[in-house]
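What follows is one structure encoded as structure tokens, with my remarks underneath.
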Amino acid sequence: ETVVYTTACFEDSDIEPSADAFLPFQVNYTERFSAAGRTSGGFVKRDGRPRDSEVLTSRLIDRPLRPMFEKGWAKDTQVLAWVLSYDGVNSTEPLAITAAAVALALSEAPLKKPVAAVRVGCLPEVGMVLNPSIQQMEDSQLDLVIAGTEDAVLMIEGYADFFTEEQLLEAISMGQDAISMMCRDIDRWVSNVGKAKRKDIQQPKHEELESFIMHNYAAKIRSALISPGKLERQEAIATAKEAVLQSVEEHFGSKYDSNVVSMIFKRLQSQVMRKCVLEEGLRSDGRGIKDVRSISARAGMLPRTHGSALFTRGETQAIA
């Protein structure tokens, strides 16, 4: 008897695109006391700011949906998920992800494919369980929230109690089978009552410019991406970008705006990095795909603070 009411909408005007802009997409997931038949016991009866669990669930919804929008979609888009009823038996996270995906699939927003989500648990002497209840999860050795399309897994979130790789693959396979079936049902629903998708997407083709940059600067971009130090890598990428901007201006004049060149440079940067990973087995700092950064821990760093430590991994440090 858990019910999640979900809506999707978007602003009709475009946001000015830029090279560093993210998709203007916002998700708000809300749980209220009234969903469980309760009211606040304090002086303030209204619900306050979002709790940590609500923020994390909003992120769970955002993560598999964001990459499924058509490239170039620049309209401010919002999804609101509101738990209307909670029975204390069925968890809300997979339901909220699926409901948000259905709302977008039925709307005019250009979602490429339907998305669905499930939770997979593992109970002693029972094995893998699809969408276990809250009570069953107390004994579960596995908690995976899986989201995906009919033919691919988009997100895996959760933990496992010393599971083997084979066991995890079994859990993911079970979840993906259920997701595929749900996505096919959503597809049929969309074909019956869904709205036509918007076509006014900002994705102009600049094949001549892309070809020019890739032909002349792919090697320089690759060299910058695999530079070992973080600051060195950022400086090398900035130098390569500046060289591209100057070269394009000299070759094409004022035909292409610097913002357009920057967006294409960023897109080609991703393509070069993907090629390095898949074909050469190199990551962005030149490490192999099986290489791990140097890790160290220093205990008792602060003179009076109880339990202080400095953790270092590569160039990242944290004091705890």
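Ordered as shown in the structure tokens, chains take letters A, B, and onward, while each chain numbers its residues from 1 and ligands are numbered from 1 in the order shown.
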
> What's the 10 Å shell around Gly300 of chain A, counting only C-alpha atoms, without same-chain residues fewer than 5 positions away, as a list in words?
Replying inline: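 Close residues of Gly300 of chain A: Thr305, His306, Gly307, Ser308, Ala309 and Leu310 of chain A.
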
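Within 7 Å of segment 156-164 of chain A there are Gln141, Leu142, Asp143, Leu144, Val145, Ile146, Ala147, Glu166, Gln167 and Leu168 of chain A, counting only C-alpha atoms and ignoring same-chain residues fewer than 2 positions away.
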
Could you take the residues named above and write them with C-alpha atoms, as a CSV table (one decimal), in the first residue's frame?
```csv
chain,number,residue,atom,x,y,z
A,141,GLN,CA,23.1,-9.9,3.5
A,142,LEU,CA,22.7,-7.8,0.3
A,143,ASP,CA,21.1,-4.5,-0.5
A,144,LEU,CA,21.3,-3.4,-4.2
A,145,VAL,CA,19.1,-0.8,-5.8
A,146,ILE,CA,19.5,-1.3,-9.5
A,147,ALA,CA,18.2,1.0,-12.2
A,166,GLU,CA,29.4,-14.6,-9.2
A,167,GLN,CA,26.8,-13.9,-6.5
A,168,LEU,CA,26.7,-10.2,-7.3
```

>> Residues within 9 Å of segment 52-66 of chain A, please, as a ChimeraX atom specification. Count only C-alpha atoms; anything in the same chain fewer than 3 positions from it doesn't count.
In response: /A:23,25-31,69,81,92-94,96-98,100-101,111,115,145,147-148,153-155,157

> Could you pull out the strand (DSSP E or B) residues of segment 128-229 of chain A from DSSP and send them as JSON, numbers by chain?
Replying inline: {"A": [128, 129, 130, 142, 143, 144, 145, 146, 147, 148, 153, 154, 155, 156, 157, 158, 159, 160]}

Selection near segment 195-212 of chain A, 7 Å with only C-alpha atoms, sequence-local residues under 3 positions removed, as an mmCIF file with N, CA, C and O atoms, in the first residue's frame:
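Once everything was written out, this is around.cif:
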```cif
data_model
loop_
_atom_site.group_PDB
_atom_site.id
_atom_site.type_symbol
_atom_site.label_atom_id
_atom_site.label_comp_id
_atom_site.auth_asym_id
_atom_site.auth_seq_id
_atom_site.Cartn_x
_atom_site.Cartn_y
_atom_site.Cartn_z
ATOM 1 N N LYS A 71 20.864 14.601 -25.959
ATOM 2 C CA LYS A 71 21.917 15.614 -25.921
ATOM 3 C C LYS A 71 21.383 16.927 -26.501
ATOM 4 O O LYS A 71 20.706 16.934 -27.521
ATOM 5 N N GLY A 72 21.703 18.011 -25.822
ATOM 6 C CA GLY A 72 21.269 19.310 -26.282
ATOM 7 C C GLY A 72 19.994 19.810 -25.634
ATOM 8 O O GLY A 72 19.582 20.941 -25.877
ATOM 9 N N TRP A 73 19.363 18.980 -24.791
ATOM 10 C CA TRP A 73 18.159 19.430 -24.078
ATOM 11 C C TRP A 73 18.560 20.500 -23.069
ATOM 12 O O TRP A 73 19.339 20.252 -22.152
ATOM 13 N N ALA A 74 18.038 21.719 -23.232
ATOM 14 C CA ALA A 74 18.484 22.845 -22.411
ATOM 15 C C ALA A 74 17.331 23.530 -21.693
ATOM 16 O O ALA A 74 17.429 24.709 -21.355
ATOM 17 N N LEU A 106 6.142 9.647 -20.289
ATOM 18 C CA LEU A 106 4.826 10.041 -20.781
ATOM 19 C C LEU A 106 4.770 11.509 -21.195
ATOM 20 O O LEU A 106 3.876 11.908 -21.943
ATOM 21 N N SER A 107 5.711 12.303 -20.699
ATOM 22 C CA SER A 107 5.701 13.731 -20.975
ATOM 23 C C SER A 107 6.355 14.037 -22.322
ATOM 24 O O SER A 107 6.816 13.147 -23.038
ATOM 25 N N GLU A 108 6.443 15.328 -22.645
ATOM 26 C CA GLU A 108 7.081 15.769 -23.883
ATOM 27 C C GLU A 108 8.600 15.831 -23.767
ATOM 28 O O GLU A 108 9.293 16.013 -24.766
ATOM 29 N N ALA A 109 9.136 15.702 -22.554
ATOM 30 C CA ALA A 109 10.588 15.745 -22.362
ATOM 31 C C ALA A 109 11.250 14.594 -23.121
ATOM 32 O O ALA A 109 10.769 13.461 -23.060
ATOM 33 N N PRO A 110 12.342 14.864 -23.839
ATOM 34 C CA PRO A 110 12.944 13.849 -24.715
ATOM 35 C C PRO A 110 13.800 12.824 -23.972
ATOM 36 O O PRO A 110 15.026 12.820 -24.068
ATOM 37 N N HIS A 215 41.489 16.239 -36.059
ATOM 38 C CA HIS A 215 42.617 15.936 -36.936
ATOM 39 C C HIS A 215 43.903 16.611 -36.462
ATOM 40 O O HIS A 215 44.990 16.024 -36.524
ATOM 41 N N ASN A 216 43.784 17.844 -35.975
ATOM 42 C CA ASN A 216 44.976 18.619 -35.642
ATOM 43 C C ASN A 216 45.374 18.577 -34.171
ATOM 44 O O ASN A 216 46.544 18.831 -33.849
ATOM 45 N N ILE A 264 32.501 21.926 -28.191
ATOM 46 C CA ILE A 264 33.007 20.847 -29.055
ATOM 47 C C ILE A 264 34.319 20.308 -28.503
ATOM 48 O O ILE A 264 34.566 19.094 -28.525
#
```

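Those residues in segment 89-125 of chain A carrying a DSSP assignment of helix (DSSP H, G or I), computed from the backbone, are Glu93, Pro94, Leu95, Ala96, Ile97, Thr98, Ala99, Ala100, Ala101, Val102, Ala103, Leu104, Ala105 and Leu106 of chain A.
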
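Interatomic distance, atom CA of Lys275 of chain A to atom CA of Val248 of chain A: 23.7 Å.
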
>> So that I can check the surroundings of Gln176 of chain A, please list as number ranges by chain every protein, DNA and RNA residue that reaches within 9 Å of it, counting only C-alpha atoms and ignoring chain neighbours fewer than 3 positions away.
In response: A: 117-118, 146-153, 171-173, 179-181

Those residues you just picked out, can you put them in a file as a CSV table (one decimal), in the first residue's frame with all heavy atoms?
```
chain,number,residue,atom,x,y,z
A,117,ALA,N,13.4,0.6,-11.9
A,117,ALA,CA,14.4,0.2,-10.8
A,117,ALA,C,13.8,-0.8,-9.9
A,117,ALA,O,12.5,-0.9,-9.8
A,117,ALA,CB,14.7,1.5,-10.0
A,118,VAL,N,14.6,-1.6,-9.3
A,118,VAL,CA,14.2,-2.7,-8.4
A,118,VAL,C,15.3,-2.7,-7.2
A,118,VAL,O,16.4,-2.2,-7.4
A,118,VAL,CB,14.1,-4.1,-9.0
A,118,VAL,CG1,13.1,-4.1,-10.1
A,118,VAL,CG2,15.5,-4.5,-9.6
A,146,ILE,N,19.0,-1.3,-8.2
A,146,ILE,CA,19.5,-1.3,-9.5
A,146,ILE,C,18.5,-0.6,-10.4
A,146,ILE,O,17.3,-0.8,-10.3
A,146,ILE,CB,19.6,-2.8,-10.0
A,146,ILE,CG1,20.5,-3.6,-9.1
A,146,ILE,CG2,20.1,-2.9,-11.5
A,146,ILE,CD1,20.5,-5.1,-9.4
A,147,ALA,N,19.0,0.3,-11.3
A,147,ALA,CA,18.2,1.0,-12.2
A,147,ALA,C,18.7,0.8,-13.6
A,147,ALA,O,20.0,0.7,-13.8
A,147,ALA,CB,18.1,2.5,-11.9
A,148,GLY,N,17.9,0.7,-14.6
A,148,GLY,CA,18.3,0.5,-16.0
A,148,GLY,C,17.3,0.6,-17.0
A,148,GLY,O,16.1,1.0,-16.7
A,149,THR,N,17.6,0.3,-18.2
A,149,THR,CA,16.7,0.3,-19.4
A,149,THR,C,16.4,-1.1,-19.7
A,149,THR,O,16.8,-2.1,-19.0
A,149,THR,CB,17.3,1.1,-20.6
A,149,THR,OG1,18.4,0.4,-21.0
A,149,THR,CG2,17.6,2.5,-20.2
A,150,GLU,N,15.7,-1.3,-20.8
A,150,GLU,CA,15.4,-2.7,-21.2
A,150,GLU,C,16.6,-3.5,-21.5
A,150,GLU,O,16.6,-4.7,-21.3
A,150,GLU,CB,14.5,-2.6,-22.5
A,150,GLU,CG,14.1,-4.0,-23.0
A,150,GLU,CD,13.2,-3.9,-24.2
A,150,GLU,OE1,12.8,-2.8,-24.6
A,150,GLU,OE2,12.9,-5.0,-24.8
A,151,ASP,N,17.7,-2.9,-22.0
A,151,ASP,CA,18.9,-3.6,-22.4
A,151,ASP,C,20.2,-3.2,-21.7
A,151,ASP,O,21.3,-3.6,-22.1
A,151,ASP,CB,19.1,-3.5,-23.9
A,151,ASP,CG,19.0,-2.0,-24.4
A,151,ASP,OD1,19.1,-1.1,-23.5
A,151,ASP,OD2,18.9,-1.8,-25.6
A,152,ALA,N,20.1,-2.4,-20.7
A,152,ALA,CA,21.4,-2.0,-20.0
A,152,ALA,C,21.1,-1.6,-18.6
A,152,ALA,O,20.0,-1.1,-18.2
A,152,ALA,CB,22.0,-0.8,-20.8
A,153,VAL,N,22.1,-1.8,-17.7
A,153,VAL,CA,22.1,-1.3,-16.3
A,153,VAL,C,22.7,0.1,-16.3
A,153,VAL,O,23.8,0.3,-16.8
A,153,VAL,CB,22.9,-2.2,-15.4
A,153,VAL,CG1,23.0,-1.7,-14.0
A,153,VAL,CG2,22.3,-3.6,-15.4
A,171,ALA,N,22.7,-11.4,-8.7
A,171,ALA,CA,21.8,-10.4,-8.2
A,171,ALA,C,21.5,-9.4,-9.3
A,171,ALA,O,20.3,-9.0,-9.5
A,171,ALA,CB,22.3,-9.8,-7.0
A,172,ILE,N,22.5,-8.9,-10.0
A,172,ILE,CA,22.4,-7.9,-11.0
A,172,ILE,C,21.5,-8.4,-12.2
A,172,ILE,O,20.7,-7.8,-12.7
A,172,ILE,CB,23.7,-7.4,-11.5
A,172,ILE,CG1,24.5,-6.6,-10.4
A,172,ILE,CG2,23.6,-6.5,-12.7
A,172,ILE,CD1,25.9,-6.3,-10.7
A,173,SER,N,21.8,-9.7,-12.5
A,173,SER,CA,21.1,-10.3,-13.6
A,173,SER,C,19.6,-10.5,-13.3
A,173,SER,O,18.7,-10.2,-14.1
A,173,SER,CB,21.7,-11.7,-13.9
A,173,SER,OG,20.9,-12.4,-15.0
A,179,ILE,N,13.8,-5.4,-14.6
A,179,ILE,CA,13.7,-4.1,-15.1
A,179,ILE,C,13.4,-4.1,-16.6
A,179,ILE,O,12.6,-3.3,-17.1
A,179,ILE,CB,15.1,-3.4,-15.0
A,179,ILE,CG1,15.3,-3.0,-13.5
A,179,ILE,CG2,15.3,-2.2,-15.8
A,179,ILE,CD1,16.7,-2.6,-13.1
A,180,SER,N,13.9,-5.1,-17.4
A,180,SER,CA,13.6,-5.2,-18.8
A,180,SER,C,12.1,-5.4,-19.0
A,180,SER,O,11.5,-4.8,-19.9
A,180,SER,CB,14.4,-6.4,-19.4
A,180,SER,OG,15.7,-6.2,-19.4
A,181,MET,N,11.5,-6.3,-18.2
A,181,MET,CA,10.1,-6.5,-18.3
A,181,MET,C,9.3,-5.2,-18.0
A,181,MET,O,8.3,-4.9,-18.7
A,181,MET,CB,9.6,-7.6,-17.3
A,181,MET,CG,8.2,-8.0,-17.4
A,181,MET,SD,7.8,-9.4,-16.3
A,181,MET,CE,8.1,-8.6,-14.7
```

> Just how far from atom CA of Leu245 of chain A is atom CA of Gly281 of chain A, in Å to one decimal?
Replying inline: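 One can read the atom CA of Gly281 of chain A to atom CA of Leu245 of chain A distance as 29.3 Å.
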
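The coordinates place atom CA of Leu104 of chain A at 17.8 Å from atom CA of Ser13 of chain A.
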